[in-house]
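Have a look at start-v4.cif; it's mmCIF, C-alpha atoms and all ligand atoms:
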data_protein
#
loop_
_atom_site.label_atom_id
_atom_site.label_comp_id
_atom_site.auth_asym_id
_atom_site.auth_seq_id
_atom_site.Cartn_x
_atom_site.Cartn_y
_atom_site.Cartn_z
CA MET A 265 30.94 5.61 42.09
CA PRO A 266 32.89 8.77 43.20
CA TRP A 267 30.79 11.95 43.03
CA VAL A 268 32.96 13.52 40.29
CA VAL A 269 32.23 10.52 38.05
CA ARG A 270 28.56 10.48 39.08
CA ASP A 271 28.25 14.18 38.13
CA ALA A 272 29.94 13.54 34.79
CA VAL A 273 27.54 10.64 34.08
CA ARG A 274 24.58 12.84 35.03
CA ASP A 275 25.84 15.61 32.69
CA VAL A 276 26.17 13.14 29.80
CA ASN A 277 22.67 11.78 30.47
CA ARG A 278 21.25 15.33 30.46
CA ALA A 279 23.05 16.18 27.23
CA VAL A 280 21.73 12.95 25.67
CA GLY A 281 18.20 13.87 26.82
CA ARG A 282 18.45 17.31 25.14
CA ARG A 283 19.86 15.72 22.01
CA TRP A 284 17.12 13.07 21.81
CA GLN A 285 14.38 15.67 22.26
CA ALA A 286 15.86 17.73 19.40
CA ILE A 287 16.11 14.65 17.16
CA ASP A 288 12.71 13.14 17.90
CA PRO A 289 10.21 14.35 20.52
CA LEU A 290 8.72 10.85 20.74
CA LEU A 291 11.95 9.59 22.35
CA PRO A 292 11.79 9.36 26.16
CA ASP A 293 14.16 10.95 28.63
CA PRO A 294 17.16 8.61 28.79
CA ALA A 295 16.60 6.24 31.67
CA ALA A 296 19.27 5.73 34.33
CA LEU A 297 21.86 3.31 32.95
CA PRO A 298 21.14 -0.30 33.88
CA THR A 299 23.60 -2.31 35.94
CA GLY A 300 25.81 -3.96 33.38
CA CYS A 301 28.17 -6.89 33.50
CA GLY A 302 31.02 -4.67 34.71
CA ALA A 303 32.16 -1.06 34.90
CA PRO A 304 30.68 1.19 32.16
CA LEU A 305 32.67 1.48 28.95
CA VAL A 306 33.91 5.06 28.76
CA VAL A 307 34.65 7.33 25.79
CA ASN A 308 36.54 10.58 26.25
CA GLY A 309 36.41 13.47 23.77
CA ASP A 310 39.40 15.30 22.28
CA ASN A 311 39.30 17.71 25.25
CA GLY A 312 39.71 14.76 27.65
CA ARG A 313 36.19 15.18 29.01
CA LEU A 314 33.64 12.38 29.15
CA ALA A 315 31.94 12.23 25.71
CA GLY A 316 29.87 9.16 26.34
CA LEU A 317 29.58 5.80 27.96
CA GLY A 318 27.88 2.52 27.53
CA VAL A 319 26.84 -0.44 29.61
CA CYS A 320 26.94 -4.05 28.40
CA VAL A 321 24.05 -6.18 29.63
CA HIS A 322 24.15 -10.00 29.34
CA HIS A 323 20.83 -11.79 29.05
CA HIS A 324 20.24 -15.54 28.86
CA ILE A 325 16.74 -16.35 27.56
CA PRO A 326 15.66 -19.81 28.78
CA ALA A 327 14.27 -22.38 26.34
CA GLU A 328 10.95 -22.33 28.23
CA SER A 329 10.43 -18.64 27.42
CA LEU A 330 8.61 -17.68 24.21
CA ASN A 331 11.03 -14.76 24.08
CA GLN A 332 13.70 -17.23 22.85
CA THR A 333 11.72 -17.49 19.60
CA TRP A 334 12.24 -13.76 18.99
CA GLY A 335 16.03 -13.90 18.86
CA ALA A 336 19.24 -15.49 20.09
CA ALA A 337 19.32 -17.43 23.37
CA ASP A 338 22.22 -15.35 24.75
CA ARG A 339 21.88 -11.64 24.09
CA PHE A 340 24.60 -9.08 24.75
CA THR A 341 23.15 -5.60 24.60
CA LEU A 342 25.01 -2.31 24.60
CA VAL A 343 23.12 0.59 26.20
CA PRO A 344 24.89 3.71 24.90
CA ARG A 345 24.76 7.30 26.10
CA LEU A 346 26.59 9.58 23.67
CA ALA A 347 26.53 13.36 23.88
CA GLY A 348 27.39 15.89 21.16
CA GLN A 349 25.98 16.99 17.83
CA ASP A 350 27.64 14.26 15.79
CA VAL A 351 28.10 10.99 17.64
CA GLY A 352 29.91 9.18 14.80
CA ALA A 353 33.40 9.27 16.35
CA PRO A 354 32.39 8.50 19.99
CA ALA A 355 30.07 5.72 18.74
CA ASP A 356 32.99 4.21 16.84
CA LEU A 357 35.18 4.28 19.97
CA LEU A 358 32.44 2.90 22.21
CA LEU A 359 31.74 0.03 19.80
CA THR A 360 35.47 -0.74 19.66
CA HIS A 361 35.60 -0.96 23.48
CA TRP A 362 32.49 -3.15 23.47
CA ARG A 363 33.92 -5.49 20.81
CA ASP A 364 37.13 -5.86 22.86
CA HIS A 365 35.07 -6.48 26.00
CA LEU A 366 32.93 -9.23 24.35
CA ALA A 367 36.01 -10.86 22.81
CA VAL A 368 37.04 -12.08 26.27
CA VAL A 369 33.54 -13.19 27.37
CA GLY A 370 33.38 -16.96 26.78
CA ALA A 371 29.56 -17.07 26.59
CA ALA A 372 29.61 -14.55 23.70
CA ARG A 373 31.48 -16.99 21.43
CA GLY A 374 28.62 -19.49 20.97
CA PRO A 375 26.49 -19.84 17.81
CA ASP A 376 23.16 -18.91 19.49
CA THR A 377 24.26 -15.42 20.57
CA SER A 378 23.71 -11.85 19.47
CA ALA A 379 25.28 -8.48 20.12
CA GLY A 380 22.68 -5.74 19.84
CA VAL A 381 22.14 -2.01 20.19
CA VAL A 382 18.78 -0.26 20.10
CA TRP A 383 19.39 3.07 18.38
CA PRO A 384 17.04 6.04 17.82
CA SER A 385 15.96 5.67 14.18
CA GLN A 386 16.33 9.43 13.56
CA ASP A 387 19.86 9.55 15.05
CA ILE A 388 21.60 9.21 11.73
CA THR A 389 25.06 10.40 12.78
CA GLY A 390 26.02 7.07 14.39
CA ILE A 391 24.83 4.76 11.63
CA ARG A 392 28.10 4.45 9.73
CA ALA A 393 29.83 3.41 12.97
CA LEU A 394 27.20 0.71 13.58
CA LEU A 395 27.65 -0.64 10.05
CA ARG A 396 31.44 -0.50 10.28
CA HIS A 397 31.33 -2.72 13.36
CA GLY A 398 29.32 -5.43 11.58
CA LEU A 399 25.91 -4.57 13.03
CA GLN A 400 22.81 -4.93 10.82
CA PRO A 401 19.50 -3.10 11.18
CA LEU A 402 17.11 -5.95 11.98
CA THR A 403 13.91 -4.63 13.49
CA VAL A 404 12.18 -1.30 13.89
CA ILE A 405 9.94 -0.09 16.69
CA ALA A 406 7.42 2.08 14.89
CA ALA A 407 5.00 4.49 16.55
CA ARG A 408 1.62 5.94 15.69
CA THR A 409 0.36 8.91 17.68
CA ARG A 410 -3.30 9.56 18.31
CA PRO A 411 -4.48 11.96 15.60
CA ASN A 412 -6.00 15.30 16.53
CA GLY A 413 -9.52 15.94 15.40
CA PRO A 414 -12.57 13.72 15.17
CA PRO A 415 -11.89 9.97 14.96
CA ALA A 416 -12.03 8.46 11.49
CA ALA A 417 -14.85 5.97 11.06
CA PRO A 418 -13.44 2.44 10.71
CA ARG A 419 -13.94 1.07 7.20
CA GLY A 420 -14.26 -2.65 6.57
CA GLY A 421 -12.48 -4.59 3.83
CA TYR A 422 -14.88 -5.71 1.10
CA GLY A 423 -16.98 -8.64 2.33
CA VAL A 424 -14.94 -8.98 5.49
CA THR A 425 -16.17 -9.18 9.08
CA ILE A 426 -13.97 -8.29 12.01
CA ARG A 427 -14.78 -9.85 15.35
CA PRO A 428 -13.06 -10.51 18.67
CA ALA A 429 -11.65 -14.04 18.91
CA GLY A 430 -12.74 -16.37 21.70
CA LEU A 431 -11.42 -19.63 23.10
CA ALA A 432 -13.24 -21.59 20.37
CA ASP A 433 -10.98 -19.80 17.82
CA ALA A 434 -7.71 -20.95 19.40
CA GLU A 435 -6.72 -23.24 16.47
CA ARG A 436 -7.47 -20.55 13.86
CA VAL A 437 -5.46 -17.97 15.81
CA LEU A 438 -2.60 -20.45 16.29
CA ASP A 439 -2.48 -21.25 12.58
CA LEU A 440 -2.23 -17.55 11.58
CA GLU A 441 0.24 -16.74 14.38
CA LEU A 442 2.60 -19.60 13.40
CA ARG A 443 2.42 -18.60 9.74
CA LEU A 444 3.45 -15.07 10.73
CA ILE A 445 6.49 -16.36 12.66
CA ARG A 446 7.54 -18.55 9.70
CA TYR A 447 7.13 -15.57 7.35
CA ASP A 448 9.13 -13.27 9.64
CA MET A 449 11.94 -15.84 9.91
CA HIS A 450 12.94 -14.90 6.36
CA PHE A 451 14.21 -11.59 7.73
CA GLY A 452 16.64 -12.97 10.30
CA GLY A 453 14.78 -12.08 13.50
CA PRO A 454 12.81 -15.03 14.95
CA VAL A 455 14.32 -18.48 15.47
CA TRP A 456 12.08 -21.56 15.37
CA ARG A 457 12.62 -23.43 18.66
CA ALA A 458 11.61 -26.93 19.79
CA ALA A 459 9.07 -25.31 22.13
CA THR A 460 7.80 -22.54 19.81
CA ASP A 461 4.58 -24.26 18.72
CA ARG A 462 3.64 -25.26 22.29
CA LEU A 463 4.55 -21.90 23.86
CA VAL A 464 2.61 -19.92 21.25
CA ARG A 465 -0.40 -22.19 21.83
CA GLU A 466 -0.16 -21.67 25.61
CA GLU A 467 0.04 -17.90 25.20
CA ILE A 468 -2.97 -17.86 22.87
CA LEU A 469 -5.05 -20.04 25.22
CA SER A 470 -4.27 -17.83 28.18
CA SER A 471 -5.00 -14.57 26.34
CA LEU A 472 -8.24 -15.89 24.77
CA ALA A 473 -9.44 -17.03 28.20
CA ARG A 474 -9.43 -13.44 29.47
CA PRO A 475 -12.82 -11.76 29.92
CA VAL A 476 -11.87 -9.02 27.43
CA THR A 477 -9.93 -10.22 24.42
CA TRP A 478 -7.45 -8.07 22.48
CA THR A 479 -7.33 -10.58 19.62
CA TRP A 480 -9.39 -10.00 16.48
CA LEU A 481 -10.06 -12.18 13.46
CA ALA A 482 -11.04 -10.99 10.00
CA GLU A 483 -13.35 -13.47 8.31
CA ARG A 484 -14.45 -13.81 4.72
CA ALA A 485 -17.31 -16.24 4.13
CA GLY A 486 -16.76 -17.72 7.58
CA ARG A 487 -13.02 -18.37 6.97
CA ALA A 488 -10.39 -16.69 9.18
CA VAL A 489 -8.22 -14.67 6.77
CA GLY A 490 -6.62 -12.11 9.05
CA LEU A 491 -5.39 -11.74 12.64
CA LEU A 492 -4.56 -8.77 14.83
CA VAL A 493 -3.39 -9.07 18.45
CA ALA A 494 -2.75 -6.03 20.63
CA GLN A 495 -1.86 -5.23 24.23
CA PRO A 496 -3.76 -2.46 26.02
CA PRO A 497 -1.73 0.06 28.06
CA GLN A 498 -2.05 -2.01 31.25
CA ASP A 499 -0.12 -4.85 29.51
CA SER A 500 2.32 -2.66 27.56
CA GLY A 501 4.42 -1.44 30.49
CA TRP A 502 7.37 -3.53 29.24
CA ILE A 503 7.73 -1.23 26.18
CA ALA A 504 6.04 2.00 27.34
CA GLY A 505 9.39 3.48 28.49
CA MET A 506 10.56 3.60 24.87
CA THR A 507 8.53 6.75 24.21
CA SER A 508 7.79 10.10 25.84
CA LEU A 509 4.03 9.78 25.29
CA SER A 510 1.70 7.97 27.61
CA PRO A 511 -0.42 5.91 27.76
CA ALA A 512 1.10 3.55 25.19
CA ALA A 513 -0.43 0.42 23.66
CA TYR A 514 1.40 -2.29 21.74
CA LEU A 515 0.36 -3.95 18.49
CA GLN A 516 1.77 -7.46 18.79
CA THR A 517 0.64 -9.43 15.73
CA MET A 518 -0.75 -8.69 12.28
CA PHE A 519 -1.15 -11.27 9.56
CA VAL A 520 -3.32 -11.58 6.47
CA ASP A 521 -3.61 -14.79 4.47
CA HIS A 522 -1.34 -14.67 1.42
CA ALA A 523 -4.18 -15.05 -1.10
CA GLU A 524 -6.18 -12.22 0.52
CA ARG A 525 -3.49 -9.54 0.72
CA GLY A 526 -3.96 -6.19 -0.96
CA THR A 527 -7.75 -6.23 -0.62
CA GLY A 528 -8.07 -3.99 2.44
CA ILE A 529 -8.21 -6.61 5.23
CA GLY A 530 -5.05 -5.44 7.01
CA ALA A 531 -6.25 -1.83 6.87
CA ALA A 532 -9.68 -2.83 8.19
CA LEU A 533 -8.11 -4.66 11.16
CA ALA A 534 -5.70 -1.80 11.92
CA ARG A 535 -8.39 0.91 11.59
CA SER A 536 -10.73 -0.99 13.87
CA LEU A 537 -8.02 -1.21 16.57
CA HIS A 538 -7.03 2.44 16.08
CA ALA A 539 -10.65 3.59 16.47
CA GLN A 540 -10.84 1.76 19.80
CA LEU A 541 -7.47 3.06 21.04
CA ASP A 542 -8.17 6.64 19.92
CA ALA A 543 -11.55 6.63 21.64
CA ALA A 544 -9.89 5.36 24.83
CA GLY A 545 -7.36 8.24 24.74
CA VAL A 546 -4.31 6.05 24.09
CA ALA A 547 -1.61 8.56 23.09
CA VAL A 548 0.71 6.26 21.16
CA THR A 549 0.73 2.75 19.71
CA LEU A 550 4.02 0.92 19.23
CA LEU A 551 4.87 -2.15 17.19
CA HIS A 552 7.90 -4.09 15.95
CA HIS A 553 8.47 -4.90 12.32
CA SER A 554 11.39 -6.43 10.48
CA GLN A 555 13.41 -3.72 8.78
CA VAL A 556 13.61 -5.65 5.50
CA ASN A 557 10.11 -7.15 5.45
CA PRO A 558 8.91 -5.77 2.08
CA LEU A 559 5.24 -5.88 3.14
CA SER A 560 5.17 -4.58 6.68
CA GLY A 561 7.08 -1.26 6.41
CA PRO A 562 5.04 0.19 3.53
CA PHE A 563 1.83 -1.07 5.12
CA TRP A 564 2.48 0.36 8.59
CA TYR A 565 3.69 3.71 7.28
CA ARG A 566 0.47 3.89 5.22
CA MET A 567 -1.42 3.23 8.48
CA GLY A 568 0.15 6.25 10.22
CA TYR A 569 3.23 4.69 11.88
CA ARG A 570 6.82 5.90 11.57
CA PRO A 571 10.20 4.59 12.81
CA LEU A 572 11.19 5.40 16.40
CA TRP A 573 13.95 2.92 17.29
CA THR A 574 16.01 0.58 15.15
CA SER A 575 17.52 -2.60 16.63
CA TRP A 576 20.99 -3.29 15.25
CA GLU A 577 22.41 -6.76 15.70
CA ALA A 578 25.43 -8.92 15.00
CA ARG A 579 24.47 -12.59 15.07
CA PRO A 580 26.35 -14.49 16.38
CA ALA A 581 27.84 -11.98 18.80
CA SER A 582 31.35 -12.86 17.55
CA ALA A 583 30.40 -11.20 14.21
CA LEU A 584 30.83 -7.84 15.96
CA ARG A 585 34.04 -6.37 14.60
C1 LIG B 601 1.33 -6.40 6.04
C2 LIG B 601 -0.05 -7.01 5.76
C3 LIG B 601 -0.71 -7.31 7.09
C4 LIG B 601 -0.89 -5.96 4.99
O1 LIG B 601 -2.21 -6.46 4.90
P1 LIG B 601 -3.10 -6.26 3.57
O2 LIG B 601 -4.45 -6.77 3.85
O3 LIG B 601 -2.38 -6.83 2.40
O4 LIG B 601 -3.09 -4.67 3.45
P2 LIG B 601 -4.27 -3.79 2.79
O5 LIG B 601 -4.74 -4.44 1.54
O6 LIG B 601 -5.30 -3.52 3.83
O7 LIG B 601 -3.50 -2.44 2.45
C5 LIG B 601 -3.73 -1.23 3.15
C6 LIG B 601 -3.01 -0.11 2.44
O8 LIG B 601 -1.62 -0.33 2.50
C7 LIG B 601 -1.08 -0.44 1.20
N1 LIG B 601 -0.10 -1.54 1.22
C8 LIG B 601 -0.23 -2.75 1.82
N2 LIG B 601 0.88 -3.49 1.63
C9 LIG B 601 1.71 -2.70 0.89
C10 LIG B 601 3.01 -2.89 0.33
N3 LIG B 601 3.70 -4.01 0.55
N4 LIG B 601 3.55 -1.89 -0.39
C11 LIG B 601 2.88 -0.73 -0.58
N5 LIG B 601 1.63 -0.49 -0.09
C12 LIG B 601 1.07 -1.46 0.62
C13 LIG B 601 -2.26 -0.80 0.31
O9 LIG B 601 -2.05 -0.38 -1.01
C14 LIG B 601 -3.37 -0.03 0.96
O10 LIG B 601 -3.28 1.32 0.59
P3 LIG B 601 -4.63 2.19 0.33
O11 LIG B 601 -5.17 2.49 1.71
O12 LIG B 601 -4.15 3.40 -0.39
O13 LIG B 601 -5.54 1.33 -0.47
C15 LIG B 601 0.07 -8.28 4.87
O14 LIG B 601 0.81 -7.99 3.73
C16 LIG B 601 0.71 -9.47 5.58
O15 LIG B 601 0.04 -10.21 6.28
N6 LIG B 601 2.03 -9.65 5.37
C17 LIG B 601 2.74 -10.79 5.92
C18 LIG B 601 2.87 -10.69 7.43
C19 LIG B 601 3.43 -9.38 7.86
O16 LIG B 601 4.32 -8.82 7.27
N7 LIG B 601 2.86 -8.86 8.96
C20 LIG B 601 3.30 -7.62 9.58
C21 LIG B 601 4.33 -7.97 10.59
S1 LIG B 601 4.83 -6.54 11.49
#
How does this structure look as structure tokens?
Ligand SMILES: CC(C)(COP(=O)(O)OP(=O)(O)OC[C@H]1O[C@@H](n2cnc3c(N)ncnc32)[C@H](O)[C@@H]1OP(=O)(O)O)[C@@H](O)C(=O)NCCC(=O)NCCS
Amino acid sequence: MPWVVRDAVRDVNRAVGRRWQAIDPLLPDPAALPTGCGAPLVVNGDNGRLAGLGVCVHHHIPAESLNQTWGAADRFTLVPRLAGQDVGAPADLLLTHWRDHLAVVGAARGPDTSAGVVWPSQDITGIRALLRHGLQPLTVIAARTRPNGPPAAPRGGYGVTIRPAGLADAERVLDLELRLIRYDMHFGGPVWRAATDRLVREEILSSLARPVTWTWLAERAGRAVGLLVAQPPQDSGWIAGMTSLSPAAYLQTMFVDHAERGTGIGAALARSLHAQLDAAGVAVTLLHHSQVNPLSGPFWYRMGYRPLWTSWEARPASALR
């Protein structure tokens, strides 16, 4: 890259960093742009100067990866960097360039594909452009910061015991985990794959075999009625870069049996995890939830979380317009 271009890219990245901090202090500094499938897509402002750019990253998720259950097998992701107060117009131009770019990529025409952009939830000026190009808000990364002041005492749900799960609980954990995936499939995110059942089982067995488990069951009268799985900071590096605070933990799974909902079990599981994370000095906890799941959003926002990033997707990728 010639130095003039490199300087211009650096200036845009700096401007984006200032903008993100003003919009939401939990956003990180924009990372260096990843290597994309080709030259960056470039947007120039009215004054002819660089107003933004974006990189298209192609990702094939193999059938043997549990990650394939969480979305399309071939994912085309736009990583945008847009400067300025109102990014509506440059976002529109960038998405137009990206659509034209994907239109000539053969692999983006298949049925098991997605075109996605992860957008700061508070960055409202680009949302109309995302909608206009056929993208839908699918999932949210929500964040809870460690509260100041003395930790709240965890409260149990009525008649409910919370305990760490062990290897002997593998079938109970599997049952709740698979029910969560089936529930979440209603909202267009996960895709049930031939290997889903087996891969989830393998992941559960390997995590329950660890000396310290981050999987908890809620039991009522000896019956498993709720599940919470988390990742401590040492396992959350894959998502930690999505926020300015550190250390970050990740809340991976939460499910309460249908007949037991609304009785305080979910809150008891979440509060018990939060008490542990707060005591350990974990600055922020992140989680994903489906944007249109009518249960998860209200519940998590009641538990102290708020939106940080929103994943916008067109599925299949050819639905990008
Ligand atoms: C989301 C879920 C875990 C909540 O568990 P729960 O045991 O029903 O929640 P609780 O009874 O502990 O509710 C805790 C608080 O949140 C509130 N709340 C829970 N769900 C709510 C909803 N859908 N709308 C409004 N408030 C809600 C409760 O009123 C309660 O408030 P309070 O503290 O003032 O009493 C449960 O509904 C569930 O398993 N849903 C299906 C799977 C799912 O969506 N998982 C999350 C994936 S990210």
3 Å per side around region 363-374 of chain A: axis-aligned box centre and edge lengths, as lines of an AutoDock Vina configuration file:
center_x = 32.9
center_y = -12.5
center_z = 24.1
size_x = 14.5
size_y = 20.0
size_z = 12.6
Discussion item. Would you pick out the contacts of Gln495 (chain A) at 9 Å or less, using all atoms listed in the file, so that residues sharing its chain but fewer than 6 positions from it are not included, and give the list as a ChimeraX atom specification?
Written reply: /A:478-479,513-516
Discussion item. With distances taken over only C-alpha atoms, which residue among A:Leu584, A:Met449, A:Ala482, A:Leu572 lies nearest Asp387 (chain A)?
Written reply: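 Closest residue, counting only C-alpha atoms: A:Leu572.
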List every residue of chain A that has an atom at most 7 Å from any atom of ligand LIG 601 (chain B), giving for each one its closest atom pair and the distance in Å to one decimal, counting only C-alpha atoms and all ligand atoms, sorted by chain and then by ascending residue number, as CSV.
residue,atom,partner,partner_atom,distance
A:Leu444,CA,B:LIG601,C18,5.5
A:Tyr447,CA,B:LIG601,C18,6.5
A:Asp448,CA,B:LIG601,O16,7.0
A:Thr517,CA,B:LIG601,C21,6.5
A:Met518,CA,B:LIG601,N7,4.9
A:Phe519,CA,B:LIG601,O15,3.6
A:Val520,CA,B:LIG601,O15,3.6
A:Asp521,CA,B:LIG601,O15,6.1
A:His522,CA,B:LIG601,O15,6.7
A:Glu524,CA,B:LIG601,O2,6.6
A:Arg525,CA,B:LIG601,O3,3.4
A:Gly526,CA,B:LIG601,O5,3.1
A:Thr527,CA,B:LIG601,O5,4.1
A:Gly528,CA,B:LIG601,O6,3.1
A:Ile529,CA,B:LIG601,O2,4.0
A:Gly530,CA,B:LIG601,O2,3.5
A:Ala531,CA,B:LIG601,O6,3.6
A:Ala532,CA,B:LIG601,O6,6.2
A:His552,CA,B:LIG601,S1,5.9
A:His553,CA,B:LIG601,S1,4.1
A:Ser554,CA,B:LIG601,S1,6.6
A:Asn557,CA,B:LIG601,O16,6.3
A:Pro558,CA,B:LIG601,N3,5.7
A:Leu559,CA,B:LIG601,N3,3.5
A:Ser560,CA,B:LIG601,C1,4.3
A:Pro562,CA,B:LIG601,N4,4.7
A:Phe563,CA,B:LIG601,C8,4.2
A:Arg566,CA,B:LIG601,O8,5.4
A:Met567,CA,B:LIG601,O8,7.0
Discussion item. I need the residue nearest His361 (chain A) from this list: A:Arg427, A:Arg410, A:His397, A:Arg570. Use only C-alpha atoms for the distance.
Written reply: A:His397
Discussion item. For a test of reading the model, state the distance in Å between CA of Ala581 (chain A) and CA of Arg339 (chain A), rounded to one decimal.
Written reply: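 That distance, rounded to one decimal, is 8.0 Å.
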Worksheet item: Taking into account only C-alpha atoms, which residue in the set A:Gly452, A:Gly501, A:Gly490, A:Gly568 is nearest to Trp334 (chain A)?
Response: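 Closest to Trp334 (chain A), using only C-alpha atoms: A:Gly452.
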Discussion item. Could you tell me how far CA of Gly281 (chain A) sits from CA of Pro294 (chain A), in Å to one decimal place?
Written reply: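 Separating CA of Pro294 (chain A) from CA of Gly281 (chain A) is a distance of 5.7 Å.
Nearest to Pro304 (chain A) of all the residues A:Arg278, A:Arg345, A:Arg283, A:Arg408 is A:Arg345, counting all atoms listed in the file.
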Discussion item. One number please: CA of Val307 (chain A) to CA of Leu358 (chain A), in Å, one decimal.
Written reply: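 Separating CA of Val307 (chain A) from CA of Leu358 (chain A) is a distance of 6.1 Å.
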